[in-house]
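To start, the structure under review is shown below, and the notes come after it.
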Amino acid sequence: MRFSVLLVLPLALHSLAFAQSTPDYKLCEGSAKTVDDRIAACTRAITSGKLSTNNLARTFSNRGGLWTAKGDYDRAIADFSEMIRLSPQEPVGFNNRGTAWRAKGDYDRAITDYNEAIRLDPQQAVTFNNRGMAWAAKGDYDRSISDYNEAIHLNPKYARALNNRGVAWNKKGDNDRAIADYSEAIRLKPQDADAFENRGNAWRAKGDNDRAIADYSEAIRLNPQYARALNNRGVALNEKGDYDRAITDFDAAIRVKPQDADAFENRGTAWSVKGDYDRAITDFSAAIRLDPHNDSAFFGRGIARYYLGLFDTAASDFAASSRLDPKYAYSPIWRSLALFRSGKGDSGRSESQRAAQNFTQGEWPEPVMELLSGRIDPPALLNAAENPDAKKRTEQVCEAHFYLGEYQLLKNQWSEARALLQIAVDECPKTFSEFGGAVAELKRLPP
């Protein structure tokens with residue numbers, strides 16, 4: 001199963017340093033108690049006609065920052081644009097409008113604004129950090145790292161830029177550099193739960209779930225309502241085989257953030273590995289309801305339904321998963337099996353033949369499609385599962401034994417199927433769909 005991990009970093013907002021003016025102006029600046037009261041005061045000050053040009057620009061900037069804090073980015077952009085019109089040489093307006101564009105997902109406009117802010121003042125580390133976040137959102141991690149480097153050069157104690165550069169290194173697969181940056185960010189700002197959570201992600205990516213769990217636990221200690229850290233600690237516990245504690249963490253993540261599709265999906269995975277397929281289906285269905293484009297939740301529900309022998313509905317789920325993520329090879333493989341098991345042998349073969357055309361010939365698991373379509377025999381599949389990488393070989397051979405067991409099952413060769421499926425149970429990690437599939441099939445086999 002695949003787990004999704006989300007990395008969300010806070011926005012940076014700035015304001016100008018102009019002279020103060022009317023009482024409403026002061027309330028807008030921050031003496032009002034609530035954000036809404038401050039916005040109302042800003043509006044009264046703007047419409048009073050009593051502010052100087054500089055103070056009016058500052059008031060638009062402040063109200064734009066407040067709109068950003070409320071998530072009303074269109075109004076924020078309008079205010080920052082007015083501030084820029086009044087004070088076009090002040091970089092903060094461009095920086096903050098860029099931040100609002102970035103929050104709306106318009107990264108090109110954000111970068112354009114950050115470029116102008118940097119042109120006006122190339123010494124502001126925060127603007128380089130913000131532009132780095134926009135490049136990262138576009139998937140250009142090299143440019144984002146370049147911007148974070150400049151931000152850190154300008155301010156070596158800039159913990160947020162170090163944290164963000166760590167995220168970029170993580171995305172590039174360089175987890176050692178990511179961990180180094182997160183560790184420095186933590187040294188500079190030891191109360192930053194985000195840095196601990198992100199370092200936990202890097203440790204988990206390196207396969208060190210114990211260190212990952214320690215970092216997630218610290219993030220949760222710092223912020224007990226940190227749903228993402230609870231979810232990710234659950235994932236790490238699940239990978240260690242501690243399914244009950246994982247479920248407890250997913251329960252907590254869902255209580256904090258009941259609209260989190262990932263937490264439902266991950267809890268569904270844990271229930272599935274524990275063999276409680278009804279609960280797994282309930283959780284996968286909740287994840288799909290919250291995120292109808294969640295391909296892995298469809299796949300997970302299909303797997304649970306397959307284990308229960310609900311082959312028709314499983315085939316539908318695998319089809320949905322394949323539509324949403326055509327590059328995931330296991331969806332058409334399991335759909336072929338589900339079609340075969342529901343008595344639609346021709347459709348199962350056709351599915352494997354069609355799917356094989358979309359994947360590199362001979363590259364695992366494409367040979368499984370070739371087996372199910374009748375193009376290769378069992379010895380050829382075992383040969384295809386060989387790999388010079390010991391870990392990959394172990395995983396692919398275990399999968400091959402499961403699919404060969406299914407192949408023999410479809411041919412009504414019960415004893416051969418039983419022997420192959422038992423090998424899969426003995427060899428496959430419990431988190432593999434093939435392990436659960438082998439367990440389910442052995443229970444269904446006639447004596």
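We name chains A, B, ... following the order of the structure tokens; residues begin at 1 in each chain, and ligands are numbered from 1 as shown.
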So that I can see what lies close to Ala227 (chain A), please list as a PyMOL selection string the residues with an atom at most 8 Å from it, counting only C-alpha atoms and leaving out residues fewer than 2 positions away in the same chain.
chain A and resi 225+229-231+252-254+256-257
At a cut-off of 8 Å, using only C-alpha atoms, what residues contact region 107-118 of chain A? Leave out same-chain residues fewer than 6 positions from it and give the result as number ranges by chain.
A: 90-95, 97-101, 124, 127-128, 130-131, 134-135, 137-138
Could you write out the selected residues, including N, CA and C atoms, as a PDB file, in the first residue's frame?
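The file below, out.pdb, is the result:
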```pdb
ATOM      1  N   GLU A  90       7.966  50.109  -2.835  1.00  0.00           N
ATOM      2  CA  GLU A  90       8.038  49.386  -1.566  1.00  0.00           C
ATOM      3  C   GLU A  90       7.930  47.880  -1.840  1.00  0.00           C
ATOM      4  N   PRO A  91       8.981  47.091  -1.583  1.00  0.00           N
ATOM      5  CA  PRO A  91       8.972  45.668  -1.957  1.00  0.00           C
ATOM      6  C   PRO A  91       7.963  44.822  -1.187  1.00  0.00           C
ATOM      7  N   VAL A  92       7.554  45.251   0.030  1.00  0.00           N
ATOM      8  CA  VAL A  92       6.685  44.402   0.837  1.00  0.00           C
ATOM      9  C   VAL A  92       5.353  44.135   0.143  1.00  0.00           C
ATOM     10  N   GLY A  93       4.846  45.083  -0.612  1.00  0.00           N
ATOM     11  CA  GLY A  93       3.581  44.865  -1.309  1.00  0.00           C
ATOM     12  C   GLY A  93       3.692  43.737  -2.311  1.00  0.00           C
ATOM     13  N   PHE A  94       4.799  43.716  -3.066  1.00  0.00           N
ATOM     14  CA  PHE A  94       5.014  42.653  -4.049  1.00  0.00           C
ATOM     15  C   PHE A  94       5.225  41.305  -3.357  1.00  0.00           C
ATOM     16  N   ASN A  95       6.000  41.331  -2.256  1.00  0.00           N
ATOM     17  CA  ASN A  95       6.227  40.085  -1.519  1.00  0.00           C
ATOM     18  C   ASN A  95       4.907  39.507  -1.007  1.00  0.00           C
ATOM     19  N   ARG A  97       1.786  40.195  -1.964  1.00  0.00           N
ATOM     20  CA  ARG A  97       0.867  39.777  -3.025  1.00  0.00           C
ATOM     21  C   ARG A  97       1.327  38.441  -3.611  1.00  0.00           C
ATOM     22  N   GLY A  98       2.656  38.279  -3.717  1.00  0.00           N
ATOM     23  CA  GLY A  98       3.174  36.993  -4.172  1.00  0.00           C
ATOM     24  C   GLY A  98       2.750  35.856  -3.269  1.00  0.00           C
ATOM     25  N   THR A  99       2.764  36.114  -1.955  1.00  0.00           N
ATOM     26  CA  THR A  99       2.340  35.095  -0.996  1.00  0.00           C
ATOM     27  C   THR A  99       0.868  34.741  -1.188  1.00  0.00           C
ATOM     28  N   ALA A 100       0.035  35.733  -1.463  1.00  0.00           N
ATOM     29  CA  ALA A 100      -1.392  35.465  -1.697  1.00  0.00           C
ATOM     30  C   ALA A 100      -1.592  34.686  -2.991  1.00  0.00           C
ATOM     31  N   TRP A 101      -0.840  35.073  -4.048  1.00  0.00           N
ATOM     32  CA  TRP A 101      -0.926  34.304  -5.302  1.00  0.00           C
ATOM     33  C   TRP A 101      -0.499  32.848  -5.056  1.00  0.00           C
ATOM     34  N   GLN A 124      16.447  40.994   1.382  1.00  0.00           N
ATOM     35  CA  GLN A 124      15.395  40.427   2.232  1.00  0.00           C
ATOM     36  C   GLN A 124      15.387  38.898   2.118  1.00  0.00           C
ATOM     37  N   THR A 127      11.995  37.060   1.279  1.00  0.00           N
ATOM     38  CA  THR A 127      11.478  37.035  -0.086  1.00  0.00           C
ATOM     39  C   THR A 127      12.103  35.887  -0.873  1.00  0.00           C
ATOM     40  N   PHE A 128      13.394  35.659  -0.665  1.00  0.00           N
ATOM     41  CA  PHE A 128      14.029  34.499  -1.313  1.00  0.00           C
ATOM     42  C   PHE A 128      13.408  33.199  -0.815  1.00  0.00           C
ATOM     43  N   ASN A 130      10.344  32.817   0.271  1.00  0.00           N
ATOM     44  CA  ASN A 130       9.007  32.696  -0.299  1.00  0.00           C
ATOM     45  C   ASN A 130       9.055  32.288  -1.762  1.00  0.00           C
ATOM     46  N   ARG A 131      10.014  32.867  -2.511  1.00  0.00           N
ATOM     47  CA  ARG A 131      10.120  32.471  -3.917  1.00  0.00           C
ATOM     48  C   ARG A 131      10.557  31.007  -4.016  1.00  0.00           C
ATOM     49  N   ALA A 134       7.579  28.912  -3.815  1.00  0.00           N
ATOM     50  CA  ALA A 134       6.813  28.902  -5.071  1.00  0.00           C
ATOM     51  C   ALA A 134       7.456  27.967  -6.083  1.00  0.00           C
ATOM     52  N   TRP A 135       8.809  28.028  -6.203  1.00  0.00           N
ATOM     53  CA  TRP A 135       9.487  27.095  -7.113  1.00  0.00           C
ATOM     54  C   TRP A 135       9.236  25.651  -6.681  1.00  0.00           C
ATOM     55  N   ALA A 137       6.663  24.477  -5.110  1.00  0.00           N
ATOM     56  CA  ALA A 137       5.284  24.117  -5.446  1.00  0.00           C
ATOM     57  C   ALA A 137       5.145  23.770  -6.919  1.00  0.00           C
ATOM     58  N   LYS A 138       6.010  24.349  -7.763  1.00  0.00           N
ATOM     59  CA  LYS A 138       6.006  24.031  -9.194  1.00  0.00           C
ATOM     60  C   LYS A 138       6.813  22.769  -9.504  1.00  0.00           C
TER      61      LYS A 138
END
```
Tell me which protein, DNA and RNA residues are within 12 Å of Gly343 (chain A), counting only C-alpha atoms, leaving out same-chain ones fewer than 6 positions away, and put them as an MDAnalysis selection string.
chainID A and resid 311:312 315 336:337 349 410
Which one of A:Ser146, A:Thr269, A:Asn232, A:Asn209 sits closest to Ser285 (chain A) if you count only C-alpha atoms?
A:Thr269
Determine, for each residue of region 286-342 of chain A having at least one atom at most 12 Å from an atom of region 403-406 of chain A, the closest pair of atoms and their separation in Å to one decimal, counting only C-alpha atoms; order by chain and ascending number, as a Markdown table.
```
| residue | atom | partner | partner_atom | distance |
| --- | --- | --- | --- | --- |
| A:Tyr330 | CA | A:Tyr403 | CA | 11.5 |
| A:Ile333 | CA | A:Tyr403 | CA | 9.4 |
| A:Trp334 | CA | A:Tyr403 | CA | 9.7 |
| A:Ser336 | CA | A:Glu406 | CA | 11.0 |
| A:Leu337 | CA | A:Glu406 | CA | 7.8 |
| A:Ala338 | CA | A:Glu406 | CA | 10.6 |
| A:Phe340 | CA | A:Glu406 | CA | 9.8 |
| A:Arg341 | CA | A:Glu406 | CA | 9.5 |
```
Print the selection's residues with C-alpha atoms to a file, as a PDB file, in the first residue's frame.
```pdb
ATOM      1  CA  TYR A 330      -0.789  -3.402  -9.727  1.00  0.00           C
ATOM      2  CA  ILE A 333      -3.065  -6.898 -12.386  1.00  0.00           C
ATOM      3  CA  TRP A 334      -5.521  -7.208  -9.508  1.00  0.00           C
ATOM      4  CA  SER A 336      -7.454  -9.115 -14.069  1.00  0.00           C
ATOM      5  CA  LEU A 337      -7.481 -11.481 -11.104  1.00  0.00           C
ATOM      6  CA  ALA A 338     -10.853 -10.155  -9.926  1.00  0.00           C
ATOM      7  CA  PHE A 340     -10.970 -14.127 -13.618  1.00  0.00           C
ATOM      8  CA  ARG A 341     -12.369 -14.984 -10.190  1.00  0.00           C
TER       9      ARG A 341
END
```
